[in-house]
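Below is entry11.cif, holding mmCIF, C-alpha atoms.
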```cif
data_coords
loop_
_atom_site.label_atom_id
_atom_site.label_comp_id
_atom_site.auth_asym_id
_atom_site.auth_seq_id
_atom_site.Cartn_x
_atom_site.Cartn_y
_atom_site.Cartn_z
CA MET A 1 6.28 -13.87 -22.68
CA LYS A 2 8.25 -17.08 -22.48
CA ASN A 3 8.84 -17.07 -18.72
CA GLN A 4 5.98 -19.08 -17.20
CA ASP A 5 6.69 -18.00 -13.61
CA LEU A 6 6.65 -14.33 -14.56
CA THR A 7 3.47 -14.77 -16.63
CA GLU A 8 1.67 -16.33 -13.64
CA LYS A 9 2.88 -13.62 -11.28
CA MET A 10 1.65 -10.93 -13.68
CA ALA A 11 -1.81 -12.55 -13.82
CA PHE A 12 -1.95 -12.23 -10.01
CA ILE A 13 -0.59 -8.67 -10.06
CA ALA A 14 -3.25 -7.70 -12.62
CA GLU A 15 -6.02 -9.41 -10.61
CA ILE A 16 -5.21 -7.56 -7.39
CA GLU A 17 -5.77 -4.25 -9.21
CA LYS A 18 -9.38 -4.93 -8.10
CA LEU A 19 -8.54 -4.44 -4.41
CA LYS A 20 -8.55 -0.69 -5.15
CA ILE A 21 -12.32 -0.85 -5.67
CA VAL A 22 -13.14 -2.81 -2.51
CA TYR A 23 -14.48 -0.09 -0.20
CA ARG A 24 -14.47 -0.02 3.61
CA GLN A 25 -16.64 1.67 6.24
CA ASN A 26 -14.26 4.58 6.87
CA GLY A 27 -13.63 7.57 4.62
CA VAL A 28 -10.71 9.58 3.27
CA PHE A 29 -9.34 12.96 4.35
CA ASP A 30 -11.53 15.19 2.12
CA LYS A 31 -14.63 13.03 2.78
CA SER A 32 -15.08 12.57 -0.99
CA ARG A 33 -15.35 8.77 -0.89
CA SER A 34 -14.83 5.64 1.24
CA GLU A 35 -11.39 4.31 1.97
CA ASN A 36 -10.47 1.22 -0.04
CA SER A 37 -8.64 -1.92 1.02
CA ALA A 38 -5.57 -1.32 -1.17
CA GLU A 39 -4.72 2.08 0.30
CA HIS A 40 -5.59 0.76 3.78
CA SER A 41 -3.06 -2.05 3.15
CA TRP A 42 -0.39 0.52 2.26
CA HIS A 43 -1.13 2.53 5.40
CA VAL A 44 -0.95 -0.47 7.77
CA THR A 45 2.24 -1.80 6.16
CA LEU A 46 4.08 1.47 6.65
CA MET A 47 2.68 1.76 10.20
CA ALA A 48 4.01 -1.72 10.99
CA VAL A 49 7.49 -0.66 9.86
CA LEU A 50 7.37 2.45 12.04
CA LEU A 51 5.81 1.00 15.19
CA LEU A 52 7.94 -2.14 15.45
CA ASP A 53 10.02 -0.68 18.33
CA HIS A 54 6.84 -0.47 20.42
CA ALA A 55 5.81 -4.13 20.22
CA SER A 56 6.59 -6.13 23.35
CA LEU A 57 7.03 -9.34 21.33
CA PRO A 58 10.72 -10.23 20.89
CA ASP A 59 12.47 -10.99 17.58
CA LEU A 60 9.62 -10.18 15.23
CA ASP A 61 10.41 -10.97 11.59
CA ILE A 62 9.38 -7.65 10.03
CA LEU A 63 9.56 -8.99 6.47
CA ARG A 64 6.91 -11.62 7.31
CA VAL A 65 4.78 -8.93 9.00
CA ILE A 66 5.07 -6.75 5.88
CA LYS A 67 4.11 -9.55 3.51
CA MET A 68 1.17 -10.50 5.75
CA LEU A 69 -0.16 -6.94 5.76
CA LEU A 70 0.37 -6.41 2.03
CA ILE A 71 -1.80 -9.47 1.26
CA HIS A 72 -4.15 -9.67 4.28
CA ASP A 73 -7.17 -8.13 2.51
CA ILE A 74 -6.74 -9.55 -1.01
CA VAL A 75 -9.45 -12.17 -0.32
CA GLU A 76 -11.92 -9.26 -0.16
CA ILE A 77 -11.76 -9.02 -3.96
CA ASP A 78 -14.28 -11.88 -4.06
CA ALA A 79 -15.67 -11.70 -0.52
CA GLY A 80 -16.01 -7.91 -0.02
CA ASP A 81 -15.07 -6.01 3.12
CA THR A 82 -16.97 -6.96 6.28
CA PHE A 83 -17.56 -4.33 8.97
CA LEU A 84 -15.65 -5.32 12.15
CA TYR A 85 -18.80 -5.17 14.27
CA ASP A 86 -21.02 -7.17 11.88
CA GLU A 87 -20.87 -10.61 13.58
CA GLU A 88 -23.35 -12.31 11.25
CA GLY A 89 -21.65 -10.91 8.15
CA LYS A 90 -18.29 -12.16 9.38
CA ASN A 91 -19.45 -15.76 9.64
CA LEU A 92 -20.88 -15.62 6.14
CA ALA A 93 -17.72 -13.98 4.78
CA ALA A 94 -15.33 -16.58 6.23
CA GLU A 95 -16.29 -19.29 3.74
CA LYS A 96 -16.20 -16.87 0.80
CA GLU A 97 -12.77 -15.65 1.88
CA LYS A 98 -11.38 -19.19 1.88
CA LEU A 99 -12.59 -19.76 -1.68
CA SER A 100 -11.23 -16.36 -2.68
CA ALA A 101 -7.80 -17.22 -1.25
CA VAL A 102 -7.73 -20.45 -3.24
CA ARG A 103 -8.72 -18.69 -6.47
CA ILE A 104 -6.58 -15.56 -6.24
CA PHE A 105 -3.40 -16.90 -4.60
CA GLY A 106 -3.85 -19.88 -6.93
CA LEU A 107 -2.93 -17.62 -9.86
CA LEU A 108 0.63 -17.53 -8.52
CA PRO A 109 3.41 -20.07 -9.14
CA LYS A 110 3.25 -22.91 -6.58
CA LYS A 111 5.98 -21.59 -4.28
CA TYR A 112 4.31 -18.19 -3.87
CA ASN A 113 0.81 -19.66 -3.73
CA GLU A 114 1.85 -21.78 -0.75
CA GLU A 115 3.69 -18.93 0.92
CA PHE A 116 0.81 -16.44 0.56
CA ILE A 117 -1.92 -18.90 1.55
CA GLY A 118 0.18 -19.74 4.60
CA LEU A 119 0.73 -16.08 5.52
CA TRP A 120 -2.95 -15.25 5.05
CA ARG A 121 -4.05 -18.17 7.29
CA GLU A 122 -1.44 -17.22 9.88
CA PHE A 123 -2.75 -13.67 9.92
CA GLU A 124 -6.36 -14.84 10.29
CA GLU A 125 -5.50 -17.24 13.13
CA ARG A 126 -3.67 -14.53 15.08
CA GLN A 127 -1.45 -16.98 17.01
CA SER A 128 2.13 -16.30 15.92
CA PRO A 129 3.93 -13.20 17.23
CA GLU A 130 4.06 -11.75 13.69
CA ALA A 131 0.33 -12.30 13.16
CA ARG A 132 -0.53 -10.79 16.56
CA TYR A 133 1.56 -7.71 15.86
CA ALA A 134 0.17 -7.36 12.31
CA ALA A 135 -3.40 -7.73 13.63
CA SER A 136 -2.74 -5.01 16.21
CA ILE A 137 -1.61 -2.57 13.55
CA ASP A 138 -4.59 -3.56 11.39
CA ALA A 139 -6.84 -2.78 14.39
CA ILE A 140 -5.23 0.59 15.21
CA GLN A 141 -5.21 2.08 11.71
CA PRO A 142 -9.04 2.23 11.38
CA LEU A 143 -9.29 4.04 14.74
CA LEU A 144 -6.89 6.72 13.55
CA ASN A 145 -8.43 6.91 10.09
CA HIS A 146 -11.95 7.17 11.57
CA LEU A 147 -10.88 9.89 14.00
CA ILE A 148 -9.34 11.93 11.15
CA THR A 149 -11.97 11.44 8.46
CA ALA A 150 -15.36 11.11 10.20
CA GLU A 151 -17.78 14.03 10.67
CA LYS A 152 -17.93 15.22 14.29
CA ASP A 153 -20.83 13.65 16.26
CA SER A 154 -21.48 11.09 13.53
CA ASN A 155 -22.17 7.66 15.02
CA PRO A 156 -24.52 5.90 12.56
CA TYR A 157 -24.03 2.43 14.05
CA GLN A 158 -24.48 3.61 17.66
CA MET A 159 -21.07 2.42 18.64
CA THR A 160 -20.17 2.55 22.33
CA ARG A 161 -16.75 3.03 23.86
CA ALA A 162 -17.09 -0.35 25.62
CA LYS A 163 -17.79 -2.19 22.39
CA VAL A 164 -14.76 -0.69 20.65
CA LEU A 165 -12.48 -1.32 23.66
CA ASP A 166 -13.63 -4.93 23.74
CA LYS A 167 -12.79 -5.50 20.03
CA LYS A 168 -9.33 -3.99 20.47
CA ALA A 169 -8.50 -5.56 23.86
CA PHE A 170 -6.15 -8.17 22.35
CA ILE A 171 -3.66 -5.36 21.63
CA GLN A 172 -2.84 -5.13 25.35
CA GLU A 173 -1.03 -8.45 25.15
CA VAL A 174 0.98 -7.37 22.14
CA SER A 175 2.22 -4.11 23.63
CA GLU A 176 1.42 -1.85 26.58
CA GLU A 177 2.49 1.15 24.51
CA LEU A 178 0.28 0.28 21.57
CA TRP A 179 -2.57 -0.40 23.99
CA GLU A 180 -2.10 3.05 25.52
CA LEU A 181 -2.16 4.48 21.99
CA THR A 182 -5.34 2.53 21.23
CA ARG A 183 -7.13 3.80 24.35
CA ASP A 184 -5.98 7.31 23.56
CA LEU A 185 -7.46 7.13 20.03
CA ILE A 186 -10.72 5.74 21.43
CA GLU A 187 -10.98 8.51 24.06
CA LYS A 188 -10.39 11.19 21.42
CA SER A 189 -13.08 9.58 19.26
CA VAL A 190 -15.51 9.63 22.20
CA GLU A 191 -14.72 13.34 22.72
CA ASN A 192 -15.50 13.91 19.02
CA GLY A 193 -18.87 12.14 19.39
CA LEU A 194 -17.92 9.15 17.21
CA TYR A 195 -18.68 6.62 19.99
CA SER A 196 -20.99 7.08 22.96
CA ARG A 197 -19.47 7.11 26.46
CA ASP A 198 -21.14 3.84 27.56
CA MET B 1 0.34 9.97 25.40
CA LYS B 2 3.56 10.11 27.37
CA ASN B 3 5.79 8.43 24.79
CA GLN B 4 7.31 11.26 22.69
CA ASP B 5 8.63 8.95 19.96
CA LEU B 6 5.26 7.31 19.50
CA THR B 7 3.48 10.69 19.50
CA GLU B 8 5.74 11.97 16.71
CA LYS B 9 5.32 8.80 14.67
CA MET B 10 1.53 9.06 15.00
CA ALA B 11 1.63 12.67 13.74
CA PHE B 12 3.41 11.38 10.62
CA ILE B 13 1.04 8.41 10.25
CA ALA B 14 -1.94 10.78 10.46
CA GLU B 15 -0.38 13.20 7.94
CA ILE B 16 0.19 10.53 5.30
CA GLU B 17 -3.54 9.75 5.33
CA LYS B 18 -3.54 12.56 2.73
CA LEU B 19 -1.64 10.46 0.16
CA LYS B 20 -4.97 8.67 -0.47
CA ILE B 21 -6.31 11.85 -2.06
CA VAL B 22 -3.33 12.53 -4.34
CA TYR B 23 -4.60 11.34 -7.71
CA ARG B 24 -2.58 10.08 -10.68
CA GLN B 25 -3.14 10.01 -14.46
CA ASN B 26 -4.31 6.38 -14.57
CA GLY B 27 -7.65 4.99 -13.45
CA VAL B 28 -9.03 2.07 -11.46
CA PHE B 29 -10.63 -1.17 -12.63
CA ASP B 30 -14.26 0.04 -12.82
CA LYS B 31 -13.22 3.41 -14.34
CA SER B 32 -15.05 5.22 -11.51
CA ARG B 33 -12.13 7.45 -10.51
CA SER B 34 -8.38 8.06 -10.86
CA GLU B 35 -5.87 5.87 -9.12
CA ASN B 36 -4.27 7.48 -6.08
CA SER B 37 -0.67 7.42 -4.90
CA ALA B 38 -1.37 5.41 -1.72
CA GLU B 39 -2.95 2.43 -3.49
CA HIS B 40 -0.28 2.71 -6.23
CA SER B 41 2.34 2.47 -3.45
CA TRP B 42 0.71 -0.71 -2.14
CA HIS B 43 0.64 -2.23 -5.61
CA VAL B 44 4.32 -1.51 -6.38
CA THR B 45 5.47 -2.74 -2.97
CA LEU B 46 3.77 -6.12 -3.39
CA MET B 47 5.06 -6.32 -7.00
CA ALA B 48 8.60 -5.73 -5.76
CA VAL B 49 8.26 -8.64 -3.32
CA LEU B 50 7.00 -10.94 -6.08
CA LEU B 51 9.36 -9.96 -8.89
CA LEU B 52 12.61 -9.99 -6.91
CA ASP B 53 13.69 -13.33 -8.49
CA HIS B 54 13.67 -11.64 -11.90
CA ALA B 55 16.09 -8.79 -11.12
CA SER B 56 19.59 -9.32 -12.48
CA LEU B 57 21.11 -7.27 -9.64
CA PRO B 58 22.72 -9.51 -7.00
CA ASP B 59 22.06 -9.39 -3.24
CA LEU B 60 19.25 -6.85 -3.24
CA ASP B 61 18.11 -5.87 0.27
CA ILE B 62 14.37 -6.37 -0.17
CA LEU B 63 13.53 -4.64 3.11
CA ARG B 64 15.19 -1.44 1.86
CA VAL B 65 13.36 -1.77 -1.47
CA ILE B 66 10.05 -2.17 0.39
CA LYS B 67 10.63 0.86 2.61
CA MET B 68 11.65 2.92 -0.42
CA LEU B 69 8.48 2.03 -2.31
CA LEU B 70 6.21 2.53 0.71
CA ILE B 71 7.46 6.10 1.09
CA HIS B 72 8.52 7.08 -2.46
CA ASP B 73 5.42 9.16 -3.24
CA ILE B 74 4.75 10.74 0.17
CA VAL B 75 6.30 14.04 -1.00
CA GLU B 76 3.34 14.33 -3.41
CA ILE B 77 1.14 15.29 -0.46
CA ASP B 78 2.49 18.84 -0.84
CA ALA B 79 3.84 18.67 -4.39
CA GLY B 80 1.09 16.73 -6.19
CA ASP B 81 1.63 13.94 -8.71
CA THR B 82 3.49 14.93 -11.88
CA PHE B 83 2.73 13.09 -15.13
CA LEU B 84 5.82 11.11 -16.23
CA TYR B 85 5.88 12.79 -19.64
CA ASP B 86 5.42 16.38 -18.36
CA GLU B 87 9.07 17.58 -18.48
CA GLU B 88 8.33 21.18 -17.49
CA GLY B 89 6.09 20.11 -14.62
CA LYS B 90 8.79 17.77 -13.34
CA ASN B 91 11.37 20.53 -13.00
CA LEU B 92 8.88 22.70 -11.12
CA ALA B 93 7.88 19.80 -8.88
CA ALA B 94 11.44 18.88 -7.86
CA GLU B 95 11.88 21.89 -5.58
CA LYS B 96 8.42 21.46 -4.02
CA GLU B 97 9.16 17.79 -3.39
CA LYS B 98 12.33 18.64 -1.48
CA LEU B 99 10.44 21.04 0.79
CA SER B 100 7.69 18.45 1.20
CA ALA B 101 10.21 15.79 2.25
CA VAL B 102 11.66 18.13 4.87
CA ARG B 103 8.22 18.99 6.24
CA ILE B 104 6.59 15.55 6.23
CA PHE B 105 9.52 13.27 7.13
CA GLY B 106 10.42 15.99 9.65
CA LEU B 107 7.37 15.01 11.68
CA LEU B 108 9.15 11.75 12.57
CA PRO B 109 11.66 11.18 15.40
CA LYS B 110 15.19 12.03 14.24
CA LYS B 111 16.29 8.44 13.54
CA TYR B 112 13.36 7.77 11.21
CA ASN B 113 13.46 11.22 9.65
CA GLU B 114 17.07 10.62 8.61
CA GLU B 115 16.35 7.09 7.39
CA PHE B 116 13.32 8.09 5.31
CA ILE B 117 14.90 11.24 3.84
CA GLY B 118 17.88 9.06 2.90
CA LEU B 119 15.72 6.37 1.31
CA TRP B 120 13.66 8.94 -0.59
CA ARG B 121 16.82 10.64 -1.99
CA GLU B 122 18.31 7.27 -2.87
CA PHE B 123 15.16 6.34 -4.77
CA GLU B 124 15.14 9.66 -6.63
CA GLU B 125 18.84 9.38 -7.59
CA ARG B 126 18.36 5.86 -8.97
CA GLN B 127 22.00 4.85 -8.46
CA SER B 128 22.02 2.05 -5.88
CA PRO B 129 20.89 -1.45 -6.92
CA GLU B 130 17.88 -1.18 -4.56
CA ALA B 131 16.84 2.17 -6.04
CA ARG B 132 17.26 0.94 -9.61
CA TYR B 133 15.14 -2.15 -8.92
CA ALA B 134 12.50 -0.10 -7.06
CA ALA B 135 12.37 2.44 -9.90
CA SER B 136 11.88 -0.38 -12.43
CA ILE B 137 8.90 -1.71 -10.53
CA ASP B 138 7.54 1.83 -10.17
CA ALA B 139 7.86 2.19 -13.96
CA ILE B 140 6.21 -1.16 -14.81
CA GLN B 141 3.13 -0.85 -12.57
CA PRO B 142 1.64 2.14 -14.45
CA LEU B 143 1.99 0.28 -17.78
CA LEU B 144 0.01 -2.66 -16.41
CA ASN B 145 -2.50 -0.45 -14.63
CA HIS B 146 -3.03 1.67 -17.78
CA LEU B 147 -3.46 -1.43 -19.95
CA ILE B 148 -6.10 -2.81 -17.56
CA THR B 149 -8.03 0.36 -16.76
CA ALA B 150 -7.89 2.61 -19.87
CA GLU B 151 -10.66 2.75 -22.46
CA LYS B 152 -9.66 1.06 -25.72
CA ASP B 153 -8.27 3.52 -28.33
CA SER B 154 -7.98 6.30 -25.77
CA ASN B 155 -4.71 8.21 -26.18
CA PRO B 156 -5.45 11.78 -25.00
CA TYR B 157 -1.77 12.80 -24.75
CA GLN B 158 -0.86 11.35 -28.18
CA MET B 159 1.68 9.03 -26.68
CA THR B 160 3.86 7.06 -29.10
CA ARG B 161 5.41 3.66 -28.56
CA ALA B 162 8.89 5.18 -29.04
CA LYS B 163 8.33 7.77 -26.31
CA VAL B 164 7.17 5.17 -23.80
CA LEU B 165 10.02 2.76 -24.68
CA ASP B 166 12.49 5.60 -24.19
CA LYS B 167 11.18 6.44 -20.71
CA LYS B 168 11.34 2.81 -19.63
CA ALA B 169 14.68 1.92 -21.30
CA PHE B 170 16.61 2.00 -18.00
CA ILE B 171 14.82 -1.22 -16.99
CA GLN B 172 16.92 -3.18 -19.49
CA GLU B 173 19.98 -2.73 -17.30
CA VAL B 174 18.13 -3.91 -14.20
CA SER B 175 16.80 -7.12 -15.73
CA GLU B 176 16.42 -8.66 -19.18
CA GLU B 177 13.29 -10.47 -17.97
CA LEU B 178 11.66 -7.31 -16.61
CA TRP B 179 12.61 -5.52 -19.82
CA GLU B 180 10.90 -8.25 -21.86
CA LEU B 181 7.86 -7.84 -19.63
CA THR B 182 7.95 -4.07 -20.15
CA ARG B 183 8.11 -4.36 -23.93
CA ASP B 184 5.31 -6.91 -23.84
CA LEU B 185 3.06 -4.53 -21.85
CA ILE B 186 3.87 -1.69 -24.27
CA GLU B 187 3.07 -3.84 -27.34
CA LYS B 188 -0.26 -4.91 -25.84
CA SER B 189 -1.03 -1.26 -25.13
CA VAL B 190 -0.23 -0.34 -28.75
CA GLU B 191 -2.57 -3.14 -29.89
CA ASN B 192 -5.28 -1.64 -27.65
CA GLY B 193 -4.79 1.81 -29.19
CA LEU B 194 -3.35 3.39 -26.05
CA TYR B 195 -0.10 4.46 -27.78
CA SER B 196 0.44 5.05 -31.50
CA ARG B 197 2.82 2.71 -33.38
CA ASP B 198 5.41 5.42 -34.10
#
```

Translate this file's structure into structure tokens.
Amino acid sequence: MKNQDLTEKMAFIAEIEKLKIVYRQNGVFDKSRSENSAEHSWHVTLMAVLLLDHASLPDLDILRVIKMLLIHDIVEIDAGDTFLYDEEGKNLAAEKEKLSAVRIFGLLPKKYNEEFIGLWREFEERQSPEARYAASIDAIQPLLNHLITAEKDSNPYQMTRAKVLDKKAFIQEVSEELWELTRDLIEKSVENGLYSRD
Amino acid sequence: MKNQDLTEKMAFIAEIEKLKIVYRQNGVFDKSRSENSAEHSWHVTLMAVLLLDHASLPDLDILRVIKMLLIHDIVEIDAGDTFLYDEEGKNLAAEKEKLSAVRIFGLLPKKYNEEFIGLWREFEERQSPEARYAASIDAIQPLLNHLITAEKDSNPYQMTRAKVLDKKAFIQEVSEELWELTRDLIEKSVENGLYSRD
């Protein structure tokens, strides 16, 4: 192809094919395999579109939220997925993720490279309203997915209700309604034996 | 939860978890399994964001394109994925897909049900500029994915270059650049033995 911009974009689009084989802790509906980061990204993006009315943050730019969620896990292609509750793993992953962002977003033409690196950093820093909303959705989806796909009374990492509530507490400042939803999903998970009561 | 709107949205968001186990004809990068319609939806949505500059259609509403692509395959939860070149299967699937749209989008609050049913029909009818652009992206992604993930010289359905070009010909009217890209992907696939030369 003669179009240099399009050629660079297609190199990126081919590279991110690999996100479909980055697997997460949770499963899928028929319990046949682990969920991967590409389908998770689809699920959170559509959730963000649907739940926008329930965020208490005014004037959210939904297009920026969508872009953030579509790309937020792409760095896992080199760095792998890190379990939310693995504190040591997360520190080790942070450096790898930075290098991964430089390599993979670096495949894109300059304008898009800068935009995507910026959006990814913004998401990670969780300071802007869009990043805080996107992070809330990204924190709610695994609760729902886990509740739907996990075997009853399966709690291999001995998760407690308190530990999960603590990780998700930032959602309260994004939206009372989404926080109520979060607590509801956690209570149902406790009832199903996925987290212990304390 | 007390919020009826949010409860209905969450029923829909839980239901679409099942799109992750609707499998397509193509594979994934490590050839370990088939690609599914949820991760395909993620891939096309991000492609649509990136390739917008290359569409020849003026004033495309990218947010409508994104929503269309996020939801375009959800009807497959009841109807299954139909292979693009299976003409008989496609006629049988059409009726099932309509019923599926009514059932699944019907889980949503009225406002969203109407919006999503409308977007899904618009995508299927391929008349509006947004639908034509979205359909082009949805037609290019499988060519790239197949080229990346298929075994060399594997052509189980005896596909010919002419047959594939014919199916994708509508892209030419959406964008000369995307049509050049399409032909380029098809030629590379022919070189790899995925389609016969004539």

Residue with smallest distance to Ile66 in chain A - pool B:Phe170, B:Tyr112, B:Tyr23, B:Trp42, counting only C-alpha atoms
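Selected residue with least distance to Ile66 in chain A: B:Trp42.
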
Would you list which chain A residues are within 7 Å of chain B using all atoms listed in the file, as a PyMOL selection string?
chain A and resi 1+13+17-18+20+28-29+38-39+41-42+46-47+63+70+181

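Excluding His146 in chain B and any residue on its chain fewer than 4 positions from it, the residues at most 6 Å away by only C-alpha atoms are Asn26, Pro142 and Ala150 of chain B.
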
Spatial neighbours of Ala134 in chain A, max dist 8 Å, all atoms listed in the file, sep filter under 6 positions, as a VMD selection string
chain A and resid 48 65 68 to 69 123

Selection result for the PyMOL selection byres ((chain A and resi 157) around 12) on this file, as a list in words
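Applying the PyMOL selection byres ((chain A and resi 157) around 12) to the structure shown produces Gln25, Phe83, Leu84, Tyr85, Asp86, Asp153, Ser154, Asn155, Pro156, Gln158, Met159, Thr160, Lys163, Val164, Leu194, Tyr195 and Ser196 of chain A.
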
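Taking CA of Ser128 in chain B as the reference point, CA of Leu60 in chain B is found at 9.7 Å.
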
Nearest residue to Asp59 in chain A out of A:Leu119, A:Lys167, A:Ile137, A:Pro129, using only C-alpha atoms?
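Ranked by minimum distance to Asp59 in chain A, first place goes to A:Pro129.
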
If you count only C-alpha atoms, the residue of B:Ser100, B:Asn192, B:Glu95, B:Leu57 closest to Glu176 in chain B turns out to be B:Leu57

Quote the spacing between CA of Leu143 in chain B and CA of Ile104 in chain B in Å to one decimal place.
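Interatomic distance, CA of Leu143 in chain B to CA of Ile104 in chain B: 28.8 Å.
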
Kindly provide, as a VMD selection string, the polymer residues lying within 6 Å of (11.9, -0.2, -14.0), counting only C-alpha atoms and using the coordinates exactly as they appear in the file.
chain B and resid 135 to 137 139 to 140 171

Nearest candidate to Asp61 in chain B (options B:Asp166, B:Glu130, B:Glu173, B:Glu187; using only C-alpha atoms)
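So, comparing all the options, the nearest one is B:Glu130.
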
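Using all atoms listed in the file, the shortest contact distance between Ala131 in chain A and any of A:Lys96, A:Glu151, A:His72, A:Ala11 is found at A:His72.
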